[in-house]
>>> print(open('my_file-v7.cif').read())   # mmCIF, C-alpha atoms
data_input
#
loop_
_atom_site.group_PDB
_atom_site.id
_atom_site.type_symbol
_atom_site.label_atom_id
_atom_site.label_comp_id
_atom_site.auth_asym_id
_atom_site.auth_seq_id
_atom_site.Cartn_x
_atom_site.Cartn_y
_atom_site.Cartn_z
ATOM 1 C CA MET R 1 -39.208 35.272 22.397
ATOM 2 C CA PHE R 2 -39.328 37.557 19.368
ATOM 3 C CA LYS R 3 -35.638 38.431 19.829
ATOM 4 C CA LYS R 4 -34.710 34.722 19.916
ATOM 5 C CA LEU R 5 -36.642 34.008 16.723
ATOM 6 C CA SER R 6 -34.951 36.947 14.933
ATOM 7 C CA ALA R 7 -31.536 35.706 16.016
ATOM 8 C CA VAL R 8 -32.274 32.184 14.695
ATOM 9 C CA MET R 9 -33.515 33.618 11.361
ATOM 10 C CA LEU R 10 -30.457 35.829 11.014
ATOM 11 C CA GLY R 11 -28.228 32.866 11.753
ATOM 12 C CA ALA R 12 -30.017 30.768 9.129
ATOM 13 C CA LEU R 13 -29.687 33.543 6.531
ATOM 14 C CA ALA R 14 -25.992 33.946 7.296
ATOM 15 C CA SER R 15 -25.376 30.216 6.878
ATOM 16 C CA LEU R 16 -27.293 30.271 3.561
ATOM 17 C CA ASN R 17 -24.964 33.011 2.375
ATOM 18 C CA VAL R 18 -21.929 30.944 3.228
ATOM 19 C CA LEU R 19 -23.380 27.990 1.337
ATOM 20 C CA ALA R 20 -24.135 30.155 -1.709
ATOM 21 C CA GLU R 21 -20.545 31.406 -1.821
ATOM 22 C CA THR R 22 -19.038 27.964 -1.898
ATOM 23 C CA ALA R 23 -21.533 26.114 -4.107
ATOM 24 C CA PRO R 24 -19.794 25.293 -7.391
ATOM 25 C CA ILE R 25 -21.556 25.287 -10.720
ATOM 26 C CA HIS R 26 -20.114 22.758 -13.111
ATOM 27 C CA ALA R 27 -20.559 22.694 -16.844
ATOM 28 C CA PHE R 28 -19.214 20.530 -19.584
ATOM 29 C CA VAL R 29 -19.461 21.928 -23.081
ATOM 30 C CA GLU R 30 -18.984 19.143 -25.566
ATOM 31 C CA SER R 31 -16.908 19.659 -28.643
ATOM 32 C CA ARG R 32 -19.043 20.344 -31.689
ATOM 33 C CA CYS R 33 -16.605 18.936 -34.211
ATOM 34 C CA ILE R 34 -14.465 15.917 -33.469
ATOM 35 C CA ILE R 35 -11.830 14.551 -35.809
ATOM 36 C CA GLN R 36 -11.208 10.846 -35.373
ATOM 37 C CA THR R 37 -8.507 8.815 -37.059
ATOM 38 C CA ASP R 38 -10.210 5.512 -37.737
ATOM 39 C CA MET R 39 -7.332 4.107 -39.792
ATOM 40 C CA ALA R 40 -3.922 5.713 -40.150
ATOM 41 C CA GLY R 41 -3.245 3.944 -43.441
ATOM 42 C CA THR R 42 -0.199 2.257 -44.906
ATOM 43 C CA TYR R 43 1.629 2.390 -48.193
ATOM 44 C CA GLY R 44 2.038 -0.738 -50.249
ATOM 45 C CA ASN R 45 5.127 -1.089 -52.412
ATOM 46 C CA PRO R 46 3.853 -2.768 -55.618
ATOM 47 C CA ASN R 47 7.103 -2.061 -57.443
ATOM 48 C CA ALA R 48 10.450 -0.498 -56.624
ATOM 49 C CA TYR R 49 9.459 3.023 -57.680
ATOM 50 C CA THR R 50 5.866 3.287 -56.373
ATOM 51 C CA LEU R 51 4.271 3.610 -52.953
ATOM 52 C CA SER R 52 0.490 3.415 -52.908
ATOM 53 C CA THR R 53 -2.302 3.152 -50.343
ATOM 54 C CA ALA R 54 -4.555 1.300 -52.817
ATOM 55 C CA ALA R 55 -5.680 -2.125 -51.626
ATOM 56 C CA GLU R 56 -4.596 -3.749 -54.909
ATOM 57 C CA ASP R 57 -1.103 -2.366 -54.297
ATOM 58 C CA GLY R 58 -0.964 -3.850 -50.808
ATOM 59 C CA GLY R 59 -1.744 -0.621 -48.948
ATOM 60 C CA ASP R 60 -4.568 0.724 -46.814
ATOM 61 C CA PRO R 61 -6.163 4.130 -47.370
ATOM 62 C CA VAL R 62 -6.491 6.595 -44.505
ATOM 63 C CA VAL R 63 -9.971 6.727 -42.956
ATOM 64 C CA ILE R 64 -10.904 9.829 -40.982
ATOM 65 C CA ARG R 65 -14.204 10.402 -39.265
ATOM 66 C CA PHE R 66 -15.756 13.792 -38.527
ATOM 67 C CA ASP R 67 -18.462 13.905 -35.839
ATOM 68 C CA VAL R 68 -20.460 17.110 -35.953
ATOM 69 C CA THR R 69 -23.156 18.027 -33.441
ATOM 70 C CA LEU R 70 -23.828 21.542 -34.731
ATOM 71 C CA ALA R 71 -25.372 21.639 -38.195
ATOM 72 C CA ASP R 72 -24.108 23.972 -40.919
ATOM 73 C CA SER R 73 -21.264 25.329 -38.771
ATOM 74 C CA TYR R 74 -18.110 23.602 -40.022
ATOM 75 C CA TYR R 75 -16.115 22.858 -43.133
ATOM 76 C CA ALA R 76 -14.070 19.688 -43.317
ATOM 77 C CA GLU R 77 -10.838 20.159 -45.239
ATOM 78 C CA ILE R 78 -8.722 17.124 -45.967
ATOM 79 C CA THR R 79 -5.390 17.387 -47.740
ATOM 80 C CA ALA R 80 -3.645 14.361 -49.205
ATOM 81 C CA PRO R 81 0.144 14.325 -48.759
ATOM 82 C CA GLN R 82 2.427 16.074 -51.232
ATOM 83 C CA GLU R 83 5.707 15.221 -49.533
ATOM 84 C CA PHE R 84 7.165 12.859 -47.001
ATOM 85 C CA SER R 85 7.472 14.179 -43.478
ATOM 86 C CA THR R 86 10.239 11.669 -42.835
ATOM 87 C CA SER R 87 12.162 9.690 -45.428
ATOM 88 C CA PRO R 88 15.661 8.892 -46.548
ATOM 89 C CA ILE R 89 17.297 11.521 -48.778
ATOM 90 C CA ILE R 90 15.714 11.408 -52.231
ATOM 91 C CA ASN R 91 17.233 13.420 -55.061
ATOM 92 C CA GLU R 92 14.790 12.388 -57.802
ATOM 93 C CA VAL R 93 11.541 14.180 -58.575
ATOM 94 C CA MET R 94 8.479 12.532 -57.061
ATOM 95 C CA THR R 95 4.998 12.549 -58.570
ATOM 96 C CA TRP R 96 2.235 12.674 -55.981
ATOM 97 C CA GLU R 97 -1.381 11.720 -56.523
ATOM 98 C CA GLY R 98 -4.084 11.869 -53.900
ATOM 99 C CA ASP R 99 -7.803 12.064 -53.502
ATOM 100 C CA THR R 100 -10.405 12.135 -50.756
ATOM 101 C CA THR R 101 -13.895 10.706 -51.043
ATOM 102 C CA VAL R 102 -16.837 10.242 -48.715
ATOM 103 C CA LYS R 103 -16.832 6.613 -47.625
ATOM 104 C CA THR R 104 -19.861 6.419 -45.330
ATOM 105 C CA VAL R 105 -22.323 8.811 -43.741
ATOM 106 C CA SER R 106 -24.612 8.388 -40.735
ATOM 107 C CA ASP R 107 -27.462 10.322 -42.354
ATOM 108 C CA ALA R 108 -27.901 9.499 -46.025
ATOM 109 C CA THR R 109 -30.595 12.147 -46.476
ATOM 110 C CA GLY R 110 -28.778 15.112 -44.943
ATOM 111 C CA MET R 111 -25.277 14.144 -46.081
ATOM 112 C CA GLY R 112 -26.022 12.470 -49.391
ATOM 113 C CA GLU R 113 -24.725 15.409 -51.441
ATOM 114 C CA TYR R 114 -21.410 15.854 -49.616
ATOM 115 C CA GLU R 115 -19.351 14.162 -52.322
ATOM 116 C CA THR R 116 -21.151 15.921 -55.175
ATOM 117 C CA ASN R 117 -20.827 19.347 -53.578
ATOM 118 C CA LYS R 118 -17.210 19.114 -52.481
ATOM 119 C CA VAL R 119 -14.690 21.686 -53.660
ATOM 120 C CA GLU R 120 -11.301 20.411 -54.845
ATOM 121 C CA LEU R 121 -8.261 22.654 -54.707
ATOM 122 C CA GLY R 122 -5.321 20.517 -55.762
ATOM 123 C CA MET R 123 -4.782 17.928 -53.050
ATOM 124 C CA LEU R 124 -7.240 19.706 -50.725
ATOM 125 C CA ASP R 125 -10.887 18.636 -50.685
ATOM 126 C CA ARG R 126 -13.350 20.863 -48.861
ATOM 127 C CA TYR R 127 -16.721 19.577 -47.645
ATOM 128 C CA ASP R 128 -19.536 21.683 -46.256
ATOM 129 C CA LEU R 129 -20.800 19.802 -43.187
ATOM 130 C CA ILE R 130 -24.410 20.924 -43.312
ATOM 131 C CA ALA R 131 -25.918 18.137 -41.205
ATOM 132 C CA THR R 132 -25.227 16.705 -37.759
ATOM 133 C CA GLY R 133 -23.794 13.221 -37.585
ATOM 134 C CA SER R 134 -20.724 11.280 -38.612
ATOM 135 C CA THR R 135 -18.965 11.279 -41.948
ATOM 136 C CA TRP R 136 -16.173 8.884 -42.821
ATOM 137 C CA PHE R 137 -13.694 10.175 -45.393
ATOM 138 C CA GLU R 138 -11.214 7.970 -47.207
ATOM 139 C CA THR R 139 -7.970 9.470 -48.497
ATOM 140 C CA SER R 140 -5.791 7.670 -50.982
ATOM 141 C CA SER R 141 -2.212 8.542 -51.830
ATOM 142 C CA LYS R 142 0.254 7.387 -54.445
ATOM 143 C CA VAL R 143 3.801 8.504 -55.073
ATOM 144 C CA ALA R 144 6.124 7.489 -57.884
ATOM 145 C CA LEU R 145 9.795 8.216 -58.177
ATOM 146 C CA GLY R 146 10.930 9.853 -61.410
ATOM 147 C CA GLY R 147 12.833 7.850 -64.003
ATOM 148 C CA ASP R 148 11.414 4.603 -62.595
ATOM 149 C CA LYS R 149 14.199 4.614 -60.035
ATOM 150 C CA ALA R 150 13.847 2.592 -56.869
ATOM 151 C CA PHE R 151 12.971 4.212 -53.550
ATOM 152 C CA PRO R 152 15.943 3.966 -51.204
ATOM 153 C CA GLY R 153 15.470 1.681 -48.223
ATOM 154 C CA GLY R 154 14.300 3.296 -44.979
ATOM 155 C CA ASP R 155 11.262 4.596 -43.110
ATOM 156 C CA TYR R 156 8.783 6.795 -44.933
ATOM 157 C CA THR R 157 5.988 8.827 -43.385
ATOM 158 C CA ALA R 158 3.539 11.093 -45.185
ATOM 159 C CA LEU R 159 0.923 13.249 -43.510
ATOM 160 C CA VAL R 160 -2.743 13.584 -44.333
ATOM 161 C CA THR R 161 -4.074 16.840 -42.854
ATOM 162 C CA ALA R 162 -7.673 16.822 -41.611
ATOM 163 C CA GLU R 163 -9.137 20.168 -40.586
ATOM 164 C CA CYS R 164 -12.432 21.170 -39.066
ATOM 165 C CA ILE R 165 -12.952 24.898 -39.580
ATOM 166 C CA ALA R 166 -15.822 26.846 -38.078
ATOM 167 C CA LYS R 167 -17.878 28.786 -40.657
ATOM 168 C CA MET F 1 -39.932 9.549 -35.408
ATOM 169 C CA ALA F 2 -37.453 8.618 -38.162
ATOM 170 C CA LYS F 3 -35.313 11.626 -37.194
ATOM 171 C CA LEU F 4 -35.346 10.477 -33.563
ATOM 172 C CA VAL F 5 -34.184 7.011 -34.607
ATOM 173 C CA ALA F 6 -31.415 8.557 -36.746
ATOM 174 C CA VAL F 7 -30.243 10.684 -33.806
ATOM 175 C CA GLY F 8 -30.338 7.584 -31.585
ATOM 176 C CA VAL F 9 -28.308 5.549 -34.056
ATOM 177 C CA PHE F 10 -25.786 8.409 -34.325
ATOM 178 C CA MET F 11 -25.450 8.613 -30.533
ATOM 179 C CA VAL F 12 -24.936 4.839 -30.294
ATOM 180 C CA ILE F 13 -22.259 4.996 -32.997
ATOM 181 C CA VAL F 14 -20.540 7.859 -31.180
ATOM 182 C CA ALA F 15 -20.783 6.065 -27.845
ATOM 183 C CA PHE F 16 -19.319 2.823 -29.186
ATOM 184 C CA SER F 17 -16.483 4.560 -30.972
ATOM 185 C CA TRP F 18 -15.588 6.954 -28.180
ATOM 186 C CA ASN F 19 -12.286 5.183 -27.628
ATOM 187 C CA ALA F 20 -11.137 5.912 -31.155
ATOM 188 C CA ALA F 21 -8.361 8.468 -31.633
ATOM 189 C CA SER F 22 -9.882 11.911 -31.696
ATOM 190 C CA HIS F 23 -9.000 15.550 -31.332
ATOM 191 C CA GLU F 24 -11.525 18.013 -29.920
ATOM 192 C CA MET F 25 -11.575 21.714 -29.223
ATOM 193 C CA THR F 26 -14.110 24.124 -27.743
ATOM 194 C CA PRO F 27 -15.656 26.626 -28.159
ATOM 195 C CA THR F 28 -16.808 26.633 -31.774
ATOM 196 C CA TYR F 29 -17.051 30.438 -31.652
ATOM 197 C CA PHE F 30 -14.691 32.363 -29.382
ATOM 198 C CA LYS F 31 -15.142 35.856 -27.982
ATOM 199 C CA MET F 32 -12.280 38.198 -27.116
ATOM 200 C CA VAL F 33 -12.736 40.095 -23.843
ATOM 201 C CA PRO F 34 -10.525 42.769 -22.245
ATOM 202 C CA SER F 35 -7.840 41.280 -20.031
ATOM 203 C CA HIS F 36 -6.312 42.625 -16.827
ATOM 204 C CA VAL F 37 -3.635 44.336 -18.968
ATOM 205 C CA ASP F 38 -4.445 47.563 -20.840
ATOM 206 C CA ASN F 39 -4.863 47.187 -24.623
ATOM 207 C CA VAL F 40 -4.701 43.417 -24.445
ATOM 208 C CA TYR F 41 -7.651 41.101 -25.068
ATOM 209 C CA ARG F 42 -8.044 37.564 -23.834
ATOM 210 C CA THR F 43 -9.941 34.427 -24.720
ATOM 211 C CA LYS F 44 -9.799 30.821 -23.680
ATOM 212 C CA VAL F 45 -9.941 27.579 -25.632
ATOM 213 C CA ASN F 46 -10.008 23.985 -24.440
ATOM 214 C CA VAL F 47 -8.270 21.164 -26.228
ATOM 215 C CA TYR F 48 -9.191 17.552 -25.541
ATOM 216 C CA ASN F 49 -6.843 14.799 -26.590
ATOM 217 C CA ARG F 50 -8.250 11.396 -27.314
ATOM 218 C CA ARG F 51 -5.457 10.544 -29.724
ATOM 219 C CA ASN F 52 -3.010 8.181 -28.069
ATOM 220 C CA ASP F 53 -0.459 8.829 -30.841
ATOM 221 C CA ILE F 54 -0.368 12.578 -30.043
ATOM 222 C CA LYS F 55 0.957 14.416 -26.989
ATOM 223 C CA TYR F 56 1.431 17.957 -28.262
ATOM 224 C CA TYR F 57 -0.810 20.470 -29.978
ATOM 225 C CA GLU F 58 0.236 23.748 -31.563
ATOM 226 C CA ILE F 59 -1.968 26.789 -31.060
ATOM 227 C CA GLY F 60 -2.239 29.434 -33.756
ATOM 228 C CA VAL F 61 -4.259 32.602 -34.344
ATOM 229 C CA PHE F 62 -5.099 33.547 -37.917
ATOM 230 C CA ASP F 63 -6.912 36.189 -39.938
ATOM 231 C CA ALA F 64 -9.682 35.436 -42.449
ATOM 232 C CA ASP F 65 -7.104 34.289 -45.039
ATOM 233 C CA PHE F 66 -5.258 32.106 -42.524
ATOM 234 C CA ASN F 67 -2.321 34.473 -42.245
ATOM 235 C CA PRO F 68 -0.828 34.223 -38.744
ATOM 236 C CA ILE F 69 -1.684 36.928 -36.199
ATOM 237 C CA PRO F 70 0.715 37.685 -33.316
ATOM 238 C CA PHE F 71 -0.551 36.449 -29.971
ATOM 239 C CA THR F 72 0.726 35.345 -26.601
ATOM 240 C CA SER F 73 -0.033 32.279 -24.569
ATOM 241 C CA LEU F 74 1.942 30.426 -21.971
ATOM 242 C CA TYR F 75 3.082 27.919 -24.589
ATOM 243 C CA ARG F 76 2.596 27.795 -28.360
ATOM 244 C CA ILE F 77 3.027 24.049 -28.295
ATOM 245 C CA VAL F 78 0.973 22.612 -25.481
ATOM 246 C CA LYS F 79 1.356 19.189 -23.958
ATOM 247 C CA VAL F 80 -2.011 17.480 -23.744
ATOM 248 C CA ASP F 81 -1.779 13.992 -22.346
ATOM 249 C CA TYR F 82 -3.921 11.234 -23.759
ATOM 250 C CA LEU F 83 -7.526 11.473 -22.479
ATOM 251 C CA SER F 84 -6.939 14.816 -20.820
ATOM 252 C CA GLU F 85 -8.026 18.402 -21.373
ATOM 253 C CA VAL F 86 -6.037 21.621 -21.282
ATOM 254 C CA ASN F 87 -7.415 25.152 -20.982
ATOM 255 C CA ILE F 88 -5.350 27.660 -22.920
ATOM 256 C CA ASP F 89 -5.468 31.431 -22.402
ATOM 257 C CA ILE F 90 -4.734 33.445 -25.515
ATOM 258 C CA TYR F 91 -3.838 37.135 -25.413
ATOM 259 C CA ILE F 92 -3.985 39.453 -28.422
ATOM 260 C CA ARG F 93 -3.109 43.145 -28.643
ATOM 261 C CA SER F 94 -6.046 45.491 -29.149
ATOM 262 C CA ASP F 95 -4.719 46.676 -32.542
ATOM 263 C CA ALA F 96 -4.800 43.063 -33.839
ATOM 264 C CA VAL F 97 -7.895 41.806 -32.083
ATOM 265 C CA ASN F 98 -10.267 42.670 -34.921
ATOM 266 C CA LYS F 99 -8.105 40.786 -37.404
ATOM 267 C CA ALA F 100 -8.188 37.556 -35.403
ATOM 268 C CA VAL F 101 -10.781 35.333 -37.062
ATOM 269 C CA TYR F 102 -9.580 31.799 -36.332
ATOM 270 C CA ILE F 103 -7.912 30.116 -33.372
ATOM 271 C CA CYS F 104 -6.652 26.694 -34.325
ATOM 272 C CA SER F 105 -5.120 23.741 -32.552
ATOM 273 C CA LYS F 106 -3.037 21.377 -34.655
ATOM 274 C CA SER F 107 -1.691 18.009 -33.635
ATOM 275 C CA LYS F 108 2.070 17.621 -33.673
ATOM 276 C CA LEU F 109 3.286 14.225 -34.723
ATOM 277 C CA ARG F 110 6.463 12.735 -33.371
ATOM 278 C CA LYS F 111 9.175 11.986 -35.866
ATOM 279 C CA ASN F 112 9.502 8.394 -34.717
ATOM 280 C CA ILE F 113 5.896 7.362 -35.356
ATOM 281 C CA LYS F 114 5.659 3.970 -36.981
ATOM 282 C CA PHE F 115 2.809 4.551 -39.438
ATOM 283 C CA LEU F 116 3.642 4.972 -43.099
ATOM 284 C CA THR F 117 0.850 7.510 -43.394
ATOM 285 C CA ALA F 118 -0.326 9.575 -40.474
ATOM 286 C CA VAL F 119 -3.063 12.119 -39.846
ATOM 287 C CA ALA F 120 -2.400 15.663 -38.688
ATOM 288 C CA SER F 121 -5.646 17.052 -37.313
ATOM 289 C CA ARG F 122 -6.465 20.721 -36.983
ATOM 290 C CA ILE F 123 -9.614 22.278 -35.482
ATOM 291 C CA CYS F 124 -10.333 25.978 -35.821
ATOM 292 C CA SER F 125 -12.715 28.092 -33.750
ATOM 293 C CA LYS F 126 -14.061 31.270 -35.306
ATOM 294 C CA ALA F 127 -14.532 34.742 -33.837
ATOM 295 C CA LYS F 128 -18.096 35.568 -32.817
#
>>> encode(input="my_file-v7.cif", output="structure tokens")
Amino acid sequence: MFKKLSAVMLGALASLNVLAETAPIHAFVESRCIIQTDMAGTYGNPNAYTLSTAAEDGGDPVVIRFDVTLADSYYAEITAPQEFSTSPIINEVMTWEGDTTVKTVSDATGMGEYETNKVELGMLDRYDLIATGSTWFETSSKVALGGDKAFPGGDYTALVTAECIAK
Amino acid sequence: MAKLVAVGVFMVIVAFSWNAASHEMTPTYFKMVPSHVDNVYRTKVNVYNRRNDIKYYEIGVFDADFNPIPFTSLYRIVKVDYLSEVNIDIYIRSDAVNKAVYICSKSKLRKNIKFLTAVASRICSKAK
């Protein structure tokens, strides 16, 4: 009787071991900083020698959203374009202008100072993302061809770079 | 209570906009551990692609001033299909491991994209 009971217990223990070896443990670690392109933006062509994302020039500014779920851990760095990534051959000098501003925030109290406290380094704007939540940034871009010469016909693409850098 | 409502509103916003084009990378802080090869350290990052205009991401390792650090991975430019995740192993020599401060993934845009302006996204993890 005692022998039988021991055998059953040993068998149960052995089967528990087998179960423990094959039981998976799953985890999903969510990303703490997400960069979303809400609007890719377009250039308007108000005159022959200017391309501009301003609404009054017929363009749309780029809107990028940063979702942060870890406070005070990331910088957002957004760089307005300073050249075309694709374009027809242009021999004239181009003058680039660009700026990034905070458009909307999900937490006005924690993020209210983002625009005031930003650091500008040329076309690059750096924001210290001290609070959790979403921040929408709007980047405008304008390029004029030197000597008021017309842009040649063709496809033009300029890149806005959005970076989320851990502190 | 107000904070709870704010968090709730944020989560609803995130939930409703989840389909938007986004680039994600984990972990925020990476840790180099010895690999199976002598004098070589290893870490792993995950890249999630929710940008339907992007299929490839470039991986880079940088020092504190964003100067590139030599590293090895299976591919420098990794194909990450839309709505999928890729785990990337990164190997760094022991003499360079202390210089590695950032691991970044940067979206690679195709030349034939139709937008007049486009967004290149880059996310950088930092060494622990």
>>> resolve_selection(input="my_file-v7.cif", expression="the PyMOL selection byres ((chain R) within 7 of (chain F))", output="short mmCIF file (atom, residue, chain, number, x, y, z; two decimals) with C-alpha atoms, in the frame of the given file")
data_model
loop_
_atom_site.label_atom_id
_atom_site.label_comp_id
_atom_site.auth_asym_id
_atom_site.auth_seq_id
_atom_site.Cartn_x
_atom_site.Cartn_y
_atom_site.Cartn_z
CA SER R 31 -16.91 19.66 -28.64
CA ARG R 32 -19.04 20.34 -31.69
CA CYS R 33 -16.60 18.94 -34.21
CA ILE R 34 -14.46 15.92 -33.47
CA ILE R 35 -11.83 14.55 -35.81
CA GLN R 36 -11.21 10.85 -35.37
CA THR R 37 -8.51 8.82 -37.06
CA ASP R 38 -10.21 5.51 -37.74
CA ALA R 40 -3.92 5.71 -40.15
CA GLY R 41 -3.24 3.94 -43.44
CA THR R 42 -0.20 2.26 -44.91
CA TYR R 43 1.63 2.39 -48.19
CA SER R 106 -24.61 8.39 -40.74
CA GLY R 133 -23.79 13.22 -37.58
CA TYR R 156 8.78 6.80 -44.93
CA THR R 157 5.99 8.83 -43.38
CA ALA R 158 3.54 11.09 -45.18
CA LEU R 159 0.92 13.25 -43.51
CA VAL R 160 -2.74 13.58 -44.33
CA THR R 161 -4.07 16.84 -42.85
CA ALA R 162 -7.67 16.82 -41.61
CA GLU R 163 -9.14 20.17 -40.59
CA CYS R 164 -12.43 21.17 -39.07
CA ILE R 165 -12.95 24.90 -39.58
CA ALA R 166 -15.82 26.85 -38.08
#
>>> resolve_selection(input="my_file-v7.cif", expression="the PyMOL selection byres ((chain F and resi 38) around 12)", output="VMD selection string")
chain F and resid 33 to 37 39 to 42 91 to 95
>>> atom_distance(input="my_file-v7.cif", atom1="CA of Ala96 in chain F", atom2="CA of Tyr57 in chain F")
23.3 Å
>>> resolve_selection(input="my_file-v7.cif", expression="the PyMOL selection byres ((chain R and resi 109) around 12)", output="list in words")
Val105, Ser106, Asp107, Ala108, Gly110, Met111, Gly112, Glu113, Tyr114, Ile130, Ala131, Thr132 and Gly133 of chain R; Ala2, Lys3 and Ala6 of chain F
>>> closest_residue(input="my_file-v7.cif", among="F:Arg110, F:Val97, F:Glu85, F:Tyr56", to="Phe71 in chain F", atoms="only C-alpha atoms")
F:Val97
>>> atom_distance(input="my_file-v7.cif", atom1="CA of Met94 in chain R", atom2="CA of Glu115 in chain R")
28.3 Å
>>> atom_distance(input="my_file-v7.cif", atom1="CA of Asp125 in chain R", atom2="CA of Thr139 in chain R")
9.9 Å
>>> closest_residue(input="my_file-v7.cif", among="R:Ala48, R:Asp57, R:Ser134, R:Leu129", to="Ala76 in chain R", atoms="only C-alpha atoms")
R:Leu129
>>> closest_residue(input="my_file-v7.cif", among="F:Met32, F:Val78, F:Val45, F:Leu83", to="Ala100 in chain F", atoms="only C-alpha atoms")
F:Met32
>>> residues_around(input="my_file-v7.cif", residues="Asp99 in chain R", least_positions_apart="6", cutoff="9 Å", atoms="only C-alpha atoms", output="ChimeraX atom specification")
/R:79-80,123-125,138-141
>>> residues_around(input="my_file-v7.cif", residues="Arg126 in chain R", least_positions_apart="5", cutoff="6 Å", atoms="only C-alpha atoms", output="PDB file with C-alpha atoms, in the coordinates of the input")
ATOM      1  CA  ALA R  76     -14.070  19.688 -43.317  1.00  0.00           C
ATOM      2  CA  GLU R  77     -10.838  20.159 -45.239  1.00  0.00           C
ATOM      3  CA  LYS R 118     -17.210  19.114 -52.481  1.00  0.00           C
ATOM      4  CA  VAL R 119     -14.690  21.686 -53.660  1.00  0.00           C
TER       5      VAL R 119
END
